[in-house]
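Enquirer: Input input.pdb, format and content: PDB, C-alpha atoms.
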MODEL        1
ATOM      1  CA  MET A   4      -5.719  -5.706  10.731
ATOM      2  CA  ARG A   5      -3.575  -2.562  11.006
ATOM      3  CA  VAL A   6      -2.287  -1.227   7.703
ATOM      4  CA  ALA A   7       0.234   1.607   7.428
ATOM      5  CA  LEU A   8      -0.484   3.980   4.575
ATOM      6  CA  GLY A   9       1.740   6.737   3.241
ATOM      7  CA  ALA A  10       2.185   8.887   0.167
ATOM      8  CA  ASP A  11       3.999  11.902  -1.094
ATOM      9  CA  HIS A  12       2.246  14.806  -2.831
ATOM     10  CA  ALA A  13       1.987  12.891  -6.136
ATOM     11  CA  GLY A  14       0.273   9.975  -4.408
ATOM     12  CA  TYR A  15      -1.924  11.987  -2.049
ATOM     13  CA  ARG A  16      -5.203  11.601  -3.949
ATOM     14  CA  LEU A  17      -4.763   7.872  -4.516
ATOM     15  CA  LYS A  18      -3.825   7.402  -0.842
ATOM     16  CA  GLU A  19      -7.051   9.076   0.212
ATOM     17  CA  LYS A  20      -9.109   6.812  -2.082
ATOM     18  CA  ILE A  21      -7.365   3.706  -0.769
ATOM     19  CA  ALA A  22      -7.797   4.812   2.857
ATOM     20  CA  GLU A  23     -11.514   5.371   2.340
ATOM     21  CA  HIS A  24     -11.851   2.000   0.648
ATOM     22  CA  LEU A  25     -10.023   0.161   3.448
ATOM     23  CA  ARG A  26     -11.971   1.877   6.190
ATOM     24  CA  LYS A  27     -15.210   0.689   4.585
ATOM     25  CA  GLY A  28     -13.906  -2.875   4.874
ATOM     26  CA  ARG A  29     -15.582  -4.080   1.706
ATOM     27  CA  SER A  30     -14.231  -4.603  -1.749
ATOM     28  CA  ARG A  31     -15.956  -3.212  -4.799
ATOM     29  CA  PHE A  32     -14.899  -6.355  -6.609
ATOM     30  CA  ASP A  33     -16.967  -9.520  -6.379
ATOM     31  CA  ASP A  34     -13.988 -11.896  -6.436
ATOM     32  CA  ILE A  35     -12.158 -10.269  -3.491
ATOM     33  CA  SER A  36     -13.970  -9.613  -0.238
ATOM     34  CA  PRO A  37     -11.973  -8.661   2.855
ATOM     35  CA  SER A  38     -13.671 -10.048   5.933
ATOM     36  CA  ASN A  39     -12.784  -7.257   8.346
ATOM     37  CA  GLU A  40     -12.526  -3.538   8.379
ATOM     38  CA  TYR A  41      -8.953  -2.376   8.359
ATOM     39  CA  ASP A  42      -7.400  -0.122  10.954
ATOM     40  CA  VAL A  43      -5.656   2.358   8.682
ATOM     41  CA  VAL A  44      -2.704   4.241  10.153
ATOM     42  CA  ASP A  45      -2.126   7.234   7.883
ATOM     43  CA  PHE A  46       1.452   8.535   7.903
ATOM     44  CA  GLY A  47       0.698  11.350   5.464
ATOM     45  CA  THR A  48       0.957  13.437   3.520
ATOM     46  CA  SER A  49      -2.214  15.355   4.197
ATOM     47  CA  SER A  50      -2.266  17.577   1.090
ATOM     48  CA  LYS A  51      -0.910  17.974  -2.432
ATOM     49  CA  ASP A  52       1.843  20.285  -1.123
ATOM     50  CA  SER A  53       5.346  19.076  -1.932
ATOM     51  CA  VAL A  54       7.004  16.784   0.630
ATOM     52  CA  ASP A  55      10.120  14.611   0.773
ATOM     53  CA  TYR A  56       8.888  11.070   0.094
ATOM     54  CA  PRO A  57      11.688   9.314   2.048
ATOM     55  CA  ASP A  58      10.437  10.833   5.314
ATOM     56  CA  ILE A  59       7.049   9.179   4.845
ATOM     57  CA  GLY A  60       8.403   5.947   3.354
ATOM     58  CA  ILE A  61      10.718   5.377   6.298
ATOM     59  CA  ARG A  62       7.956   5.956   8.863
ATOM     60  CA  VAL A  63       5.642   3.445   7.171
ATOM     61  CA  ALA A  64       8.453   0.888   6.830
ATOM     62  CA  GLN A  65       9.416   1.279  10.484
ATOM     63  CA  ALA A  66       5.796   0.772  11.576
ATOM     64  CA  VAL A  67       5.765  -2.536   9.691
ATOM     65  CA  GLN A  68       9.261  -3.476  10.873
ATOM     66  CA  VAL A  69       8.402  -3.193  14.577
ATOM     67  CA  GLY A  70       5.006  -4.822  14.175
ATOM     68  CA  ASP A  71       2.800  -1.803  14.830
ATOM     69  CA  CYS A  72       1.213  -2.545  11.442
ATOM     70  CA  LYS A  73       1.035  -5.878   9.653
ATOM     71  CA  TYR A  74       1.376  -4.417   6.152
ATOM     72  CA  GLY A  75       2.174  -1.122   4.510
ATOM     73  CA  ILE A  76       1.104   0.626   1.345
ATOM     74  CA  LEU A  77       3.288   3.376  -0.093
ATOM     75  CA  ILE A  78       2.404   5.650  -3.002
ATOM     76  CA  CYS A  79       4.395   8.171  -4.963
ATOM     77  CA  GLY A  80       4.388   9.224  -8.617
ATOM     78  CA  THR A  81       5.892   6.009  -9.970
ATOM     79  CA  GLY A  82       6.291   3.935  -6.802
ATOM     80  CA  ILE A  83      10.021   3.638  -7.452
ATOM     81  CA  GLY A  84      11.210   6.115  -4.824
ATOM     82  CA  MET A  85       8.985   4.705  -2.106
ATOM     83  CA  SER A  86      10.011   1.117  -2.835
ATOM     84  CA  ILE A  87      13.712   2.002  -2.747
ATOM     85  CA  THR A  88      13.271   3.892   0.519
ATOM     86  CA  ALA A  89      11.247   1.170   2.252
ATOM     87  CA  ASN A  90      13.635  -1.589   1.206
ATOM     88  CA  LYS A  91      16.466   0.126   3.073
ATOM     89  CA  ILE A  92      14.781  -0.815   6.350
ATOM     90  CA  HIS A  93      15.838  -4.229   7.711
ATOM     91  CA  GLY A  94      13.076  -6.819   7.433
ATOM     92  CA  ILE A  95      11.067  -4.920   4.858
ATOM     93  CA  ARG A  96      10.164  -6.510   1.562
ATOM     94  CA  ALA A  97       8.548  -3.732  -0.447
ATOM     95  CA  ALA A  98       7.239  -4.753  -3.844
ATOM     96  CA  LEU A  99       6.613  -2.237  -6.609
ATOM     97  CA  CYS A 100       3.620  -3.597  -8.504
ATOM     98  CA  PHE A 101       1.812  -2.508 -11.653
ATOM     99  CA  THR A 102      -0.687  -5.345 -12.116
ATOM    100  CA  THR A 103      -3.016  -7.445 -10.005
ATOM    101  CA  ASP A 104      -0.941 -10.522 -10.867
ATOM    102  CA  MET A 105       2.170  -8.833  -9.472
ATOM    103  CA  ALA A 106       0.289  -7.928  -6.267
ATOM    104  CA  GLN A 107      -0.712 -11.561  -5.809
ATOM    105  CA  LEU A 108       2.666 -13.043  -6.680
ATOM    106  CA  CYS A 109       4.658 -10.685  -4.443
ATOM    107  CA  ARG A 110       2.675 -11.994  -1.468
ATOM    108  CA  GLU A 111       2.563 -15.669  -2.503
ATOM    109  CA  HIS A 112       6.192 -16.038  -3.534
ATOM    110  CA  ASN A 113       8.092 -13.173  -1.886
ATOM    111  CA  ASP A 114       6.143 -12.603   1.344
ATOM    112  CA  ALA A 115       6.160  -8.865   0.599
ATOM    113  CA  ASN A 116       5.015  -6.777   3.537
ATOM    114  CA  ILE A 117       4.761  -3.419   1.766
ATOM    115  CA  LEU A 118       3.023  -2.684  -1.523
ATOM    116  CA  ALA A 119       4.442   0.256  -3.486
ATOM    117  CA  LEU A 120       2.237   1.921  -6.088
ATOM    118  CA  GLY A 121       2.708   4.634  -8.677
ATOM    119  CA  ALA A 122      -0.179   7.109  -8.764
ATOM    120  CA  ARG A 123       0.882   8.470 -12.154
ATOM    121  CA  VAL A 124       1.069   5.052 -13.815
ATOM    122  CA  ILE A 125      -1.839   3.042 -12.331
ATOM    123  CA  GLU A 126      -5.552   3.738 -12.591
ATOM    124  CA  PRO A 127      -7.239   4.139  -9.172
ATOM    125  CA  GLU A 128      -9.613   1.176  -9.708
ATOM    126  CA  THR A 129      -6.666  -1.081 -10.545
ATOM    127  CA  ALA A 130      -4.720   0.189  -7.536
ATOM    128  CA  ILE A 131      -7.627  -0.542  -5.194
ATOM    129  CA  LYS A 132      -8.005  -4.048  -6.580
ATOM    130  CA  MET A 133      -4.245  -4.568  -6.149
ATOM    131  CA  VAL A 134      -4.514  -3.466  -2.514
ATOM    132  CA  ASP A 135      -7.361  -5.930  -1.902
ATOM    133  CA  ILE A 136      -5.383  -8.754  -3.479
ATOM    134  CA  PHE A 137      -2.197  -7.842  -1.592
ATOM    135  CA  LEU A 138      -3.962  -7.766   1.773
ATOM    136  CA  THR A 139      -5.866 -11.019   1.265
ATOM    137  CA  THR A 140      -3.193 -13.210  -0.330
ATOM    138  CA  ALA A 141      -1.235 -15.559   1.918
ATOM    139  CA  PHE A 142       2.444 -16.404   1.585
ATOM    140  CA  ALA A 143       2.746 -19.848  -0.003
ATOM    141  CA  GLY A 144       5.937 -20.689   1.881
TER     142      GLY A 144
ENDMDL
END
Would you encode the structure as structure tokens?
Expert:
Amino acid sequence: MRVALGADHAGYRLKEKIAEHLRKGRSRFDDISPSNEYDVVDFGTSSKDSVDYPDIGIRVAQAVQVGDCKYGILICGTGIGMSITANKIHGIRAALCFTTDMAQLCREHNDANILALGARVIEPETAIKMVDIFLTTAFAG
């Protein structure tokens, strides 16, 4: 499964941890176990140098919109800016989540196709578990 990944400078470190985790194709959590390795498409940023988050958010959202990637994950300081940016793209349902329950419910009930995370407000272990849940939860219809 192709997953678009993008972050601004505030989310750079968390993006790198998530990318490494997805490329391994295995969850660190016993209750969630992705069956395949993920094909991660990294839209940047590639350092902690300041960037304009909308540039990255739009590119990830467009990759999901046209079907190049099935899902997207966007990370900035709070997740707010990335979620606002992504939701401006037609067909995108970006969900800003802070808990594992929110990550599950946004897929089950809202068919979210982009997960927005805040690197300054979520612990990395929680964020990784949220990513696993988001990518393995089906839309309930």
Enquirer: Residues of region 88-133 of chain A that have any atom at most 7 Å from an atom of region 17-24 of chain A: could you tabulate them with the shortest-distance atom pair and the distance in Å to one decimal, using all atoms listed in the file, ordered by chain and increasing number, as a tab-separated table?
Expert:
residue	atom	partner	partner_atom	distance
A:Ala122	CA	A:Leu17	CA	6.3
A:Pro127	CA	A:Leu17	CA	6.5
A:Ile131	CA	A:Ile21	CA	6.1
Enquirer: Just checking: using only C-alpha atoms, which residue out of A:Met133, A:Ala119, A:Ile78, A:Ile95 ends up closest to Arg16 (chain A)?
Expert: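 Among A:Met133, A:Ala119, A:Ile78, A:Ile95, it is A:Ile78 that comes nearest to Arg16 (chain A).
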Enquirer: Would you translate the PyMOL selection byres ((chain A and resi 104-108) around 12) into the concrete set of residues it matches in this file, as a count of residues only?
Expert: 37
Enquirer: Evaluating the PyMOL selection byres ((chain A and resi 38-53) around 7) on the displayed file yields which residues, as a list in words?
Expert: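 With the shown file as input, the PyMOL selection byres ((chain A and resi 38-53) around 7) matches Met4, Arg5, Val6, Ala7, Leu8, Gly9, Ala10, Asp11, His12, Ala13, Tyr15, Ala22, Leu25, Arg26, Lys27, Gly28, Ser36, Pro37, Val54, Ile59 and Val63 of chain A.
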Enquirer: Rounded to one decimal, what separation in Å do you get between CA of Gly84 (chain A) and CA of Gln68 (chain A)?
Expert: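 Atom-to-atom, CA of Gly84 (chain A) and CA of Gln68 (chain A) are spaced 18.5 Å apart.
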Enquirer: Can you tell me, as a PyMOL selection string, what residues are no more than 12 Å from His93 (chain A) when counting all atoms listed in the file, ignoring any on the same chain fewer than 6 positions away?
Expert: chain A and resi 61+64-69+116
Enquirer: Would you mind reading off the distance between CA of Val124 (chain A) and CA of Leu77 (chain A), one decimal, in Å?
Expert: 14.0 Å
Enquirer: Using only C-alpha atoms, find the one residue out of A:Pro57, A:Gly70, A:Arg62, A:Ile125 that sits nearest to Ser86 (chain A).
Expert: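 With only C-alpha atoms as the atom set, the closest residue is A:Pro57.
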Enquirer: Smallest atom-to-atom distance to Gly121 (chain A): which of A:Asp55, A:Lys91, A:Met85, A:Asp71, using all atoms listed in the file?
Expert: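 Of A:Asp55, A:Lys91, A:Met85, A:Asp71, the one nearest Gly121 (chain A) is A:Met85, counting all atoms listed in the file.
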Enquirer: How far is it from CA of Cys79 (chain A) to CA of Tyr56 (chain A), in Å with one decimal?
Expert: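 Atom-to-atom, CA of Cys79 (chain A) to CA of Tyr56 (chain A), that is 7.4 Å.
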